[in-house]
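Participant: Mind looking over this structure? Questions follow.
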Amino acid sequence: MRPDVELIKVTKRYGTTAAVDAISLEIPSGSYCCLLGPSGCGKTSTLRMIAGHESISDGDILLAGRNVTELAPAERGTAMMFQSYALFPHLTALENIAFGLRMRGVGKAERLARASEYLRLVQLEAMAERLPAQLSGGQQQRVALARALITRPKVLLLDEPLSALDPFLRTRMREELKRLQRELGITFIHVTHGQEEAMALSDLAVVMDHGRIAQAAPPRHIFERPASAFVARFIGGHNVLDLPEGRFAIRTDRTTLSPPPGGARLSGRVTAVEYQGTAVRVVVQAANGQSAEALLPDHLFHAAPVAPGEAATLGWDTAAAHRLPAPTPA
Amino acid sequence: MPGHVARFLLGALFALFLLFLYGPTITIGILSFQGPDGGLTFPMNGMSTVWFTRLFQPQAVGDLGAAMTRTLGLAAMVTVVTVVVSLAAGMAFRHRFAGSSALFILTIASLIVPSILVSLGVGLLFTLMEWEPAWYSSAFGAQLTWTLPFGLLIMFAVFNRFDRSWEEAARDLGATRWQGFWHVVLPIIAPSVIGIALFGFTLSFDEFARTLLTAGSGNTLPLEILGMTTTVTTPVLYALGSVSTAVSLLVIGGAILGARVMGRRRGR
């Protein structure tokens with residue numbers, strides 16, 4: 001399938017520093033793509049360049065095969081949902097949603113009717129006449145979503161859309177975003193710093209670091225075969241260990257306190273034990289300073305508990321170890 | 001209990017402050033209703049509105065009606081220009097441009113220069129150029145040196161708190177830059193713009209020093225009042241004070257009411 005969004009060596013420079021450094025990426029049409037990375041990795045700049053709110057220092061952006069590098073935001077076929085939602089405080093929910101149609105010269109009766117449809121799409125019919133200040137965070141976000149969707153974008157861009165919500169609401173909105181994306185069949189590009197969010201939502205996860213793409217793949221691929229120590233650490237759930245055979249990423253849930261025969265192991269002392277409900281996290285520090293952890297199912301831990309200060313040996317099946325590229329000599 | 005005493009003292013201090021602030025205005029308000037035979041001071045010799053009637057009759061010195069008209073006209077001109085120019089300048093200063101800091105300092109400097117010197121300078125300039133100074137030219141300019149920097153400073157405060165993503169959202173939804181300004185920026189900052197208008201109006205309405213040497217032959221109200229204090233010895237003076245206070249209150253009340261109505265009609 002032809003990619004919906006194509007970045008070709010896209011670069012953003014501020015002075016001499018490159019916030020985004022010649023990244024190339026193809027996002028298949030109708031997919032949910034998450035740009036993931038720590039703050040300052042260039043994910044938001046990338047999104048804003050796709051949206052047209054940030055100029056591109058170098059490279060090209062193609063949307064549905066059309067070069068949009070020099071086009072204004074509204075001419076690209078994208079719509080953006082801002083992190084702060086950026087709802088217009090002086091307009092009601094309905095008028096906020098109708099704004100895009102108003103700017104396109106759609107008559108009042110028609111635009112309000114169509115805005116009502118989108119208000120229904122996000123299940124906020126009852127809130128039509130409320131001002132943004134009279135809406136909860138979750139409701140504001142739905143209005144922002146409806147406002148972006150009414151322009152019928154081919155690509156919806158979401159800048160950390162869930163970061164302002166409390167954890168419970170976040171999970172619900174996450175489901176809703178995914179449902180909307182599936183139903184509308186358009187491409188979503190979603191910026192987040194939460195790996196859990198990216199894994200839950202994305203068809204394509206793009207892990208970024210220092211303005212470059214560290215790995216772009218389906219989340220399962222990234223979790224099972226991280227491309228680098230950075231990716232393994234950022235995505236979480238992995239020990240990154242330098243062993244005599246090389247550098248490996250080993251999933252913490254495949255690490256045990258009862259080393260299988262013939263498997264690899266790491267001996268040391270327990271430095272921390274954290275109860276997490278369904279699992280218990282045990283951190284062990286080896287004599288050479290390397291530290292690793294095991295995420296043990298709670299019943300296994302309670303069958304043979306350990307306490308900080310005790311000697312312990314972590315072990316794993318060699319098949320569970322994923323080889324990483326050797327560290328570049330510093 | 002020391003907290004008690006301290007609270008009492010602070011309360012007393014505050015009451016004294018209020019008395020100091022509003023006492024004179026209230027006193028003048030009361031004295032302007034002095035009876036026909038009453039003088040400039042207490043006691044009240046009966047009650048009447050005769051001084052308000054006399055206010056609008058020809059005086060021995062000065063022409064209050066004409067002075068009032070000039071002052072209101074000048075205040076209106078100053079208000080409009082202050083609002084338009086500070087708004088435009090505020091928008092411009094959101095981006096750094098070559099010489100922006102220098103221009104800013106230059107603008108603010110006119111707040112520091114003593115008013116009377118500005119007045120003198122403008123007056124001298126008009127004399128040198130052999131232009132006729134008048135309330136609508138030289139005094140108008142002199143007052144703007146006072147209201148414009150204030151207006152600009154208010155706009156700075158406004159745009160410091162202004163979320164740029166509102167404009168980006170407008171652009172994203174297909175608004176041109178002008179539409180974004182008209183439909184999004186202006187309605188959001190409207191209360192502050194009304195504030196600037198009020199500020200411009202009141203600063204101009206009672207401006208004295210900057211008008212003193214620039215008003216030409218037609219006095220503005222504050223200048224007329226100064227003239228009268230030395231020559232008029234009747235409570236007409238107080239009536240005048242009451243009327244001009246009432247005008248100020250009406251303008252402020254009108255602006256607040258306007259802002260309320262606008263708030264209710266928002267976006268329709």
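A note on labels: chains of the structure tokens are A, B, ... as shown, every chain counts residues from 1, and ligands are counted from 1 in their shown order.
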What are the residues of chain B lining chain A at 12 Å or less? Count only C-alpha atoms, and put the answer as a ChimeraX atom specification.
Facilitator: /B:162-180,182-191,262-268
Participant: DSSP on the backbone: what in region 176-255 of chain B comes out helix (DSSP H, G or I), as a count of residues only?
Facilitator: 64
Participant: Might you pull out every residue within 9 Å of region 42-51 of chain B, with only C-alpha atoms counted and same-chain residues fewer than 4 positions away left off, and present them as a PyMOL selection string?
Facilitator: chain B and resi 30-38+55-56+234-240
Participant: Dump N, CA and C atoms for the selected residues as an mmCIF file, in the first residue's frame?
Facilitator:
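Once written, result-v1.cif looks like this:
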data_model
loop_
_atom_site.group_PDB
_atom_site.id
_atom_site.type_symbol
_atom_site.label_atom_id
_atom_site.label_comp_id
_atom_site.auth_asym_id
_atom_site.auth_seq_id
_atom_site.Cartn_x
_atom_site.Cartn_y
_atom_site.Cartn_z
ATOM 1 N N ILE B 30 -20.498 66.611 48.668
ATOM 2 C CA ILE B 30 -21.487 67.189 49.601
ATOM 3 C C ILE B 30 -21.561 68.701 49.430
ATOM 4 N N LEU B 31 -20.404 69.340 49.373
ATOM 5 C CA LEU B 31 -20.370 70.809 49.314
ATOM 6 C C LEU B 31 -20.960 71.349 48.006
ATOM 7 N N SER B 32 -20.984 70.499 46.968
ATOM 8 C CA SER B 32 -21.524 71.004 45.708
ATOM 9 C C SER B 32 -23.036 71.175 45.776
ATOM 10 N N PHE B 33 -23.633 70.616 46.849
ATOM 11 C CA PHE B 33 -25.075 70.814 47.046
ATOM 12 C C PHE B 33 -25.333 71.951 48.049
ATOM 13 N N GLN B 34 -24.342 72.778 48.241
ATOM 14 C CA GLN B 34 -24.434 73.929 49.147
ATOM 15 C C GLN B 34 -25.630 74.817 48.765
ATOM 16 N N GLY B 35 -26.299 75.378 49.781
ATOM 17 C CA GLY B 35 -27.424 76.292 49.536
ATOM 18 C C GLY B 35 -26.981 77.539 48.773
ATOM 19 N N PRO B 36 -27.928 78.294 48.207
ATOM 20 C CA PRO B 36 -27.593 79.459 47.367
ATOM 21 C C PRO B 36 -26.758 80.502 48.100
ATOM 22 N N ASP B 37 -26.877 80.549 49.414
ATOM 23 C CA ASP B 37 -26.129 81.565 50.155
ATOM 24 C C ASP B 37 -24.896 80.994 50.828
ATOM 25 N N GLY B 38 -24.629 79.737 50.582
ATOM 26 C CA GLY B 38 -23.507 79.088 51.250
ATOM 27 C C GLY B 38 -22.168 79.453 50.619
ATOM 28 N N LEU B 55 -23.329 76.248 36.816
ATOM 29 C CA LEU B 55 -22.157 75.683 36.152
ATOM 30 C C LEU B 55 -22.272 75.827 34.640
ATOM 31 N N PHE B 56 -23.501 75.648 34.145
ATOM 32 C CA PHE B 56 -23.662 75.669 32.697
ATOM 33 C C PHE B 56 -24.090 77.039 32.162
ATOM 34 N N THR B 234 -17.028 80.503 44.426
ATOM 35 C CA THR B 234 -18.337 79.944 44.759
ATOM 36 C C THR B 234 -18.277 78.424 44.648
ATOM 37 N N PRO B 235 -19.271 77.736 45.218
ATOM 38 C CA PRO B 235 -19.326 76.270 45.125
ATOM 39 C C PRO B 235 -19.523 75.752 43.705
ATOM 40 N N VAL B 236 -19.584 76.637 42.693
ATOM 41 C CA VAL B 236 -19.620 76.168 41.306
ATOM 42 C C VAL B 236 -18.452 75.227 41.050
ATOM 43 N N LEU B 237 -17.343 75.564 41.666
ATOM 44 C CA LEU B 237 -16.138 74.761 41.550
ATOM 45 C C LEU B 237 -16.390 73.322 41.996
ATOM 46 N N TYR B 238 -17.125 73.171 43.093
ATOM 47 C CA TYR B 238 -17.414 71.842 43.618
ATOM 48 C C TYR B 238 -18.381 71.103 42.702
ATOM 49 N N ALA B 239 -19.362 71.873 42.202
ATOM 50 C CA ALA B 239 -20.321 71.260 41.282
ATOM 51 C C ALA B 239 -19.571 70.686 40.085
ATOM 52 N N LEU B 240 -18.604 71.469 39.620
ATOM 53 C CA LEU B 240 -17.786 71.016 38.496
ATOM 54 C C LEU B 240 -17.049 69.731 38.840
#
Participant: Return the single residue from B:Thr25, B:Thr69, B:Ser138, B:Ser192 that is closest to Ala259 (chain B), with distances computed using only C-alpha atoms.
Facilitator: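 Smallest distance to Ala259 (chain B) is found for B:Ser192.
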Participant: So, counting only C-alpha atoms, which residue among A:Arg251, A:Arg111, A:His299, A:Arg48 is closest to Ile235 (chain A)?
Facilitator: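 For Ile235 (chain A), the nearest of the given residues is A:Arg251.
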Participant: Could you list, as a compact mmCIF listing (two decimals) with N, CA, C and O atoms, in the first residue's frame, every residue within 8 Å of region 5-16 of chain A, counting only C-alpha atoms and ignoring same-chain residues fewer than 4 positions away?
Facilitator:
# COMPACT_ATOMS: atom_id res chain seq x y z
N VAL A 20 15.82 17.77 14.84
CA VAL A 20 15.44 16.59 14.09
C VAL A 20 16.49 16.43 13.00
O VAL A 20 16.76 17.36 12.25
N ASP A 21 17.11 15.25 12.96
CA ASP A 21 18.31 15.08 12.15
C ASP A 21 18.08 14.10 11.00
O ASP A 21 18.23 12.90 11.15
N ALA A 22 17.65 14.63 9.86
CA ALA A 22 17.52 13.85 8.63
C ALA A 22 16.79 12.54 8.84
O ALA A 22 17.31 11.47 8.54
N ILE A 23 15.57 12.61 9.34
CA ILE A 23 14.84 11.36 9.55
C ILE A 23 14.00 11.02 8.31
O ILE A 23 13.46 11.89 7.65
N SER A 24 13.96 9.75 8.00
CA SER A 24 13.14 9.24 6.91
C SER A 24 12.19 8.21 7.49
O SER A 24 12.59 7.39 8.32
N LEU A 25 10.93 8.27 7.05
CA LEU A 25 9.93 7.40 7.65
C LEU A 25 8.75 7.26 6.70
O LEU A 25 8.37 8.21 6.03
N GLU A 26 8.21 6.05 6.62
CA GLU A 26 6.99 5.84 5.84
C GLU A 26 5.90 5.34 6.76
O GLU A 26 6.09 4.35 7.46
N ILE A 27 4.78 6.03 6.77
CA ILE A 27 3.67 5.61 7.62
C ILE A 27 2.56 5.10 6.71
O ILE A 27 2.01 5.86 5.92
N PRO A 28 2.23 3.80 6.82
CA PRO A 28 1.22 3.24 5.92
C PRO A 28 -0.14 3.90 6.14
O PRO A 28 -0.44 4.36 7.24
N SER A 29 -0.92 3.92 5.08
CA SER A 29 -2.21 4.59 5.15
C SER A 29 -3.15 3.85 6.11
O SER A 29 -3.13 2.63 6.22
N SER A 45 8.71 18.24 17.46
CA SER A 45 9.13 19.02 16.28
C SER A 45 8.74 18.31 15.00
O SER A 45 8.27 18.93 14.04
N SER A 55 8.63 25.29 10.37
CA SER A 55 9.23 25.20 9.04
C SER A 55 10.24 24.06 9.01
O SER A 55 10.76 23.65 10.03
N ILE A 56 10.49 23.56 7.82
CA ILE A 56 11.40 22.43 7.66
C ILE A 56 12.74 22.96 7.16
O ILE A 56 12.78 23.67 6.16
N SER A 57 13.80 22.65 7.90
CA SER A 57 15.11 23.17 7.49
C SER A 57 15.61 22.46 6.24
O SER A 57 16.28 23.06 5.39
N ASP A 58 15.30 21.20 6.14
CA ASP A 58 15.83 20.40 5.03
C ASP A 58 14.95 19.16 4.87
O ASP A 58 14.39 18.68 5.83
N GLY A 59 14.87 18.64 3.65
CA GLY A 59 14.11 17.42 3.43
C GLY A 59 12.71 17.72 2.91
O GLY A 59 12.35 18.87 2.66
N ASP A 60 11.92 16.65 2.75
CA ASP A 60 10.59 16.78 2.18
C ASP A 60 9.58 15.96 2.98
O ASP A 60 9.91 14.92 3.53
N ILE A 61 8.35 16.44 2.96
CA ILE A 61 7.25 15.68 3.57
C ILE A 61 6.19 15.45 2.50
O ILE A 61 5.76 16.39 1.83
N LEU A 62 5.84 14.19 2.30
CA LEU A 62 4.82 13.84 1.32
C LEU A 62 3.60 13.31 2.04
O LEU A 62 3.70 12.47 2.93
N LEU A 63 2.44 13.84 1.67
CA LEU A 63 1.20 13.30 2.21
C LEU A 63 0.40 12.76 1.04
O LEU A 63 0.10 13.48 0.10
N ALA A 64 0.07 11.50 1.09
CA ALA A 64 -0.64 10.82 0.00
C ALA A 64 0.07 11.09 -1.34
O ALA A 64 -0.57 11.40 -2.34
N GLY A 65 1.37 11.03 -1.32
CA GLY A 65 2.13 11.18 -2.55
C GLY A 65 2.35 12.62 -3.00
O GLY A 65 3.04 12.87 -3.97
Participant: Just checking: using only C-alpha atoms, which residue out of B:Leu148, B:Leu18, B:Val5, B:Leu153 ends up closest to Val85 (chain B)?
Facilitator: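 Selected residue with least distance to Val85 (chain B): B:Leu148.
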Participant: Which residues are close to Arg142 (chain A), i.e. within 7 Å by only C-alpha atoms, leaving aside same-chain residues fewer than 4 positions away? Reply as a PyMOL selection string.
Facilitator: chain A and resi 122+138+146
Participant: Measure the distance from CA of Arg152 (chain A) to CA of Val206 (chain A) in Å and round it to one decimal.
Facilitator: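 Result for CA of Arg152 (chain A) versus CA of Val206 (chain A): 25.0 Å, one decimal.
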Participant: Extract, using only C-alpha atoms, all DNA, RNA and protein residues at most 8 Å from region 140-146 of chain B, discarding same-chain residues fewer than 4 positions from it, and format them as a PDB file with all heavy atoms, in the first residue's frame.
Facilitator:
ATOM      1  N   LEU B  74     -10.915  65.291  22.951  1.00  0.00           N
ATOM      2  CA  LEU B  74      -9.509  64.907  23.031  1.00  0.00           C
ATOM      3  C   LEU B  74      -9.371  63.509  23.631  1.00  0.00           C
ATOM      4  O   LEU B  74      -8.626  62.666  23.112  1.00  0.00           O
ATOM      5  CB  LEU B  74      -8.757  65.931  23.892  1.00  0.00           C
ATOM      6  CG  LEU B  74      -7.275  65.703  24.118  1.00  0.00           C
ATOM      7  CD1 LEU B  74      -6.538  65.578  22.791  1.00  0.00           C
ATOM      8  CD2 LEU B  74      -6.671  66.838  24.945  1.00  0.00           C
ATOM      9  N   MET B  77     -10.254  60.905  21.063  1.00  0.00           N
ATOM     10  CA  MET B  77      -9.178  60.733  20.076  1.00  0.00           C
ATOM     11  C   MET B  77      -8.028  59.930  20.672  1.00  0.00           C
ATOM     12  O   MET B  77      -7.503  58.992  20.053  1.00  0.00           O
ATOM     13  CB  MET B  77      -8.650  62.108  19.626  1.00  0.00           C
ATOM     14  CG  MET B  77      -9.525  62.798  18.603  1.00  0.00           C
ATOM     15  SD  MET B  77      -9.132  64.568  18.492  1.00  0.00           S
ATOM     16  CE  MET B  77      -7.431  64.536  17.943  1.00  0.00           C
ATOM     17  N   VAL B  78      -7.637  60.326  21.892  1.00  0.00           N
ATOM     18  CA  VAL B  78      -6.523  59.647  22.553  1.00  0.00           C
ATOM     19  C   VAL B  78      -6.860  58.172  22.761  1.00  0.00           C
ATOM     20  O   VAL B  78      -6.036  57.288  22.513  1.00  0.00           O
ATOM     21  CB  VAL B  78      -6.194  60.326  23.906  1.00  0.00           C
ATOM     22  CG1 VAL B  78      -5.253  59.467  24.734  1.00  0.00           C
ATOM     23  CG2 VAL B  78      -5.578  61.692  23.664  1.00  0.00           C
ATOM     24  N   THR B  82      -4.730  55.269  21.073  1.00  0.00           N
ATOM     25  CA  THR B  82      -3.987  54.430  22.023  1.00  0.00           C
ATOM     26  C   THR B  82      -4.336  52.958  21.825  1.00  0.00           C
ATOM     27  O   THR B  82      -3.454  52.106  21.765  1.00  0.00           O
ATOM     28  CB  THR B  82      -4.310  54.840  23.478  1.00  0.00           C
ATOM     29  OG1 THR B  82      -4.003  56.223  23.626  1.00  0.00           O
ATOM     30  CG2 THR B  82      -3.493  54.033  24.464  1.00  0.00           C
ATOM     31  N   SER B 110       9.587  57.780  27.446  1.00  0.00           N
ATOM     32  CA  SER B 110       8.725  58.952  27.554  1.00  0.00           C
ATOM     33  C   SER B 110       7.844  58.905  28.803  1.00  0.00           C
ATOM     34  O   SER B 110       7.216  59.881  29.160  1.00  0.00           O
ATOM     35  CB  SER B 110       7.870  59.114  26.301  1.00  0.00           C
ATOM     36  OG  SER B 110       6.762  58.265  26.356  1.00  0.00           O
ATOM     37  N   LEU B 111       7.826  57.742  29.476  1.00  0.00           N
ATOM     38  CA  LEU B 111       7.121  57.678  30.760  1.00  0.00           C
ATOM     39  C   LEU B 111       7.954  58.308  31.870  1.00  0.00           C
ATOM     40  O   LEU B 111       7.433  58.795  32.857  1.00  0.00           O
ATOM     41  CB  LEU B 111       6.846  56.210  31.147  1.00  0.00           C
ATOM     42  CG  LEU B 111       5.723  55.469  30.465  1.00  0.00           C
ATOM     43  CD1 LEU B 111       5.605  54.075  31.044  1.00  0.00           C
ATOM     44  CD2 LEU B 111       4.422  56.214  30.631  1.00  0.00           C
ATOM     45  N   VAL B 118       7.928  67.337  28.715  1.00  0.00           N
ATOM     46  CA  VAL B 118       7.341  66.890  27.452  1.00  0.00           C
ATOM     47  C   VAL B 118       6.458  68.001  26.914  1.00  0.00           C
ATOM     48  O   VAL B 118       6.520  68.387  25.742  1.00  0.00           O
ATOM     49  CB  VAL B 118       6.517  65.601  27.648  1.00  0.00           C
ATOM     50  CG1 VAL B 118       5.780  65.231  26.377  1.00  0.00           C
ATOM     51  CG2 VAL B 118       7.409  64.458  28.082  1.00  0.00           C
ATOM     52  N   SER B 119       5.654  68.536  27.825  1.00  0.00           N
ATOM     53  CA  SER B 119       4.744  69.610  27.457  1.00  0.00           C
ATOM     54  C   SER B 119       5.523  70.800  26.901  1.00  0.00           C
ATOM     55  O   SER B 119       5.215  71.334  25.834  1.00  0.00           O
ATOM     56  CB  SER B 119       3.966  70.026  28.698  1.00  0.00           C
ATOM     57  OG  SER B 119       2.931  70.879  28.362  1.00  0.00           O
ATOM     58  N   VAL B 122       7.062  69.968  23.423  1.00  0.00           N
ATOM     59  CA  VAL B 122       6.088  69.973  22.328  1.00  0.00           C
ATOM     60  C   VAL B 122       5.657  71.411  22.035  1.00  0.00           C
ATOM     61  O   VAL B 122       5.564  71.824  20.873  1.00  0.00           O
ATOM     62  CB  VAL B 122       4.871  69.084  22.675  1.00  0.00           C
ATOM     63  CG1 VAL B 122       3.805  69.185  21.602  1.00  0.00           C
ATOM     64  CG2 VAL B 122       5.304  67.634  22.835  1.00  0.00           C
ATOM     65  N   TRP B 135      -5.619  71.938  21.108  1.00  0.00           N
ATOM     66  CA  TRP B 135      -5.887  70.707  21.866  1.00  0.00           C
ATOM     67  C   TRP B 135      -5.863  69.478  20.968  1.00  0.00           C
ATOM     68  O   TRP B 135      -5.454  68.406  21.373  1.00  0.00           O
ATOM     69  CB  TRP B 135      -7.207  70.809  22.624  1.00  0.00           C
ATOM     70  CG  TRP B 135      -8.432  70.991  21.764  1.00  0.00           C
ATOM     71  CD1 TRP B 135      -8.960  72.184  21.363  1.00  0.00           C
ATOM     72  CD2 TRP B 135      -9.241  69.979  21.193  1.00  0.00           C
ATOM     73  NE1 TRP B 135     -10.050  71.989  20.570  1.00  0.00           N
ATOM     74  CE2 TRP B 135     -10.253  70.629  20.453  1.00  0.00           C
ATOM     75  CE3 TRP B 135      -9.226  68.585  21.226  1.00  0.00           C
ATOM     76  CZ2 TRP B 135     -11.227  69.932  19.743  1.00  0.00           C
ATOM     77  CZ3 TRP B 135     -10.203  67.894  20.532  1.00  0.00           C
ATOM     78  CH2 TRP B 135     -11.197  68.562  19.794  1.00  0.00           C
ATOM     79  N   TYR B 136      -6.294  69.665  19.684  1.00  0.00           N
ATOM     80  CA  TYR B 136      -6.386  68.498  18.792  1.00  0.00           C
ATOM     81  C   TYR B 136      -5.084  68.190  18.057  1.00  0.00           C
ATOM     82  O   TYR B 136      -5.009  67.212  17.340  1.00  0.00           O
ATOM     83  CB  TYR B 136      -7.515  68.701  17.778  1.00  0.00           C
ATOM     84  CG  TYR B 136      -7.434  70.016  17.048  1.00  0.00           C
ATOM     85  CD1 TYR B 136      -6.565  70.194  15.984  1.00  0.00           C
ATOM     86  CD2 TYR B 136      -8.212  71.100  17.463  1.00  0.00           C
ATOM     87  CE1 TYR B 136      -6.475  71.408  15.347  1.00  0.00           C
ATOM     88  CE2 TYR B 136      -8.125  72.319  16.830  1.00  0.00           C
ATOM     89  CZ  TYR B 136      -7.256  72.474  15.763  1.00  0.00           C
ATOM     90  OH  TYR B 136      -7.143  73.685  15.150  1.00  0.00           O
ATOM     91  N   PHE B 150       1.894  53.228  28.200  1.00  0.00           N
ATOM     92  CA  PHE B 150       1.065  52.475  29.138  1.00  0.00           C
ATOM     93  C   PHE B 150       0.304  51.375  28.410  1.00  0.00           C
ATOM     94  O   PHE B 150       0.279  50.218  28.842  1.00  0.00           O
ATOM     95  CB  PHE B 150       0.068  53.400  29.845  1.00  0.00           C
ATOM     96  CG  PHE B 150       0.564  53.877  31.174  1.00  0.00           C
ATOM     97  CD1 PHE B 150       0.771  55.223  31.415  1.00  0.00           C
ATOM     98  CD2 PHE B 150       0.838  52.968  32.183  1.00  0.00           C
ATOM     99  CE1 PHE B 150       1.242  55.665  32.638  1.00  0.00           C
ATOM    100  CE2 PHE B 150       1.307  53.409  33.415  1.00  0.00           C
ATOM    101  CZ  PHE B 150       1.511  54.762  33.633  1.00  0.00           C
ATOM    102  N   SER B 204      -6.224  60.727  29.787  1.00  0.00           N
ATOM    103  CA  SER B 204      -6.378  61.937  28.995  1.00  0.00           C
ATOM    104  C   SER B 204      -7.331  62.912  29.676  1.00  0.00           C
ATOM    105  O   SER B 204      -7.099  64.110  29.725  1.00  0.00           O
ATOM    106  CB  SER B 204      -6.895  61.576  27.604  1.00  0.00           C
ATOM    107  OG  SER B 204      -7.391  62.720  26.963  1.00  0.00           O
ATOM    108  N   GLU B 207      -5.578  64.731  32.419  1.00  0.00           N
ATOM    109  CA  GLU B 207      -4.173  65.085  32.205  1.00  0.00           C
ATOM    110  C   GLU B 207      -3.997  66.601  32.313  1.00  0.00           C
ATOM    111  O   GLU B 207      -4.746  67.367  31.715  1.00  0.00           O
ATOM    112  CB  GLU B 207      -3.713  64.579  30.826  1.00  0.00           C
ATOM    113  CG  GLU B 207      -2.295  64.946  30.460  1.00  0.00           C
ATOM    114  CD  GLU B 207      -1.267  64.477  31.477  1.00  0.00           C
ATOM    115  OE1 GLU B 207      -1.408  63.346  31.971  1.00  0.00           O
ATOM    116  OE2 GLU B 207      -0.338  65.244  31.780  1.00  0.00           O
ATOM    117  N   ARG B 210       0.909  67.663  30.876  1.00  0.00           N
ATOM    118  CA  ARG B 210       1.269  67.537  29.464  1.00  0.00           C
ATOM    119  C   ARG B 210       0.429  68.436  28.568  1.00  0.00           C
ATOM    120  O   ARG B 210       0.775  68.677  27.417  1.00  0.00           O
ATOM    121  CB  ARG B 210       1.125  66.080  29.020  1.00  0.00           C
ATOM    122  CG  ARG B 210       2.331  65.261  29.422  1.00  0.00           C
ATOM    123  CD  ARG B 210       2.105  63.778  29.246  1.00  0.00           C
ATOM    124  NE  ARG B 210       2.919  63.063  30.215  1.00  0.00           N
ATOM    125  CZ  ARG B 210       4.054  62.434  29.904  1.00  0.00           C
ATOM    126  NH1 ARG B 210       4.480  62.392  28.681  1.00  0.00           N
ATOM    127  NH2 ARG B 210       4.742  61.834  30.842  1.00  0.00           N
ATOM    128  N   THR B 211      -0.703  68.904  29.082  1.00  0.00           N
ATOM    129  CA  THR B 211      -1.579  69.754  28.285  1.00  0.00           C
ATOM    130  C   THR B 211      -1.292  71.220  28.549  1.00  0.00           C
ATOM    131  O   THR B 211      -1.609  72.078  27.727  1.00  0.00           O
ATOM    132  CB  THR B 211      -3.060  69.472  28.617  1.00  0.00           C
ATOM    133  OG1 THR B 211      -3.146  68.198  29.262  1.00  0.00           O
ATOM    134  CG2 THR B 211      -3.886  69.416  27.369  1.00  0.00           C
ATOM    135  N   THR B 214       0.594  73.004  25.888  1.00  0.00           N
ATOM    136  CA  THR B 214       0.364  72.568  24.512  1.00  0.00           C
ATOM    137  C   THR B 214      -1.068  72.787  24.058  1.00  0.00           C
ATOM    138  O   THR B 214      -1.391  72.545  22.907  1.00  0.00           O
ATOM    139  CB  THR B 214       0.671  71.066  24.369  1.00  0.00           C
ATOM    140  OG1 THR B 214      -0.056  70.352  25.360  1.00  0.00           O
ATOM    141  CG2 THR B 214       2.139  70.772  24.511  1.00  0.00           C
TER     142      THR B 214
END
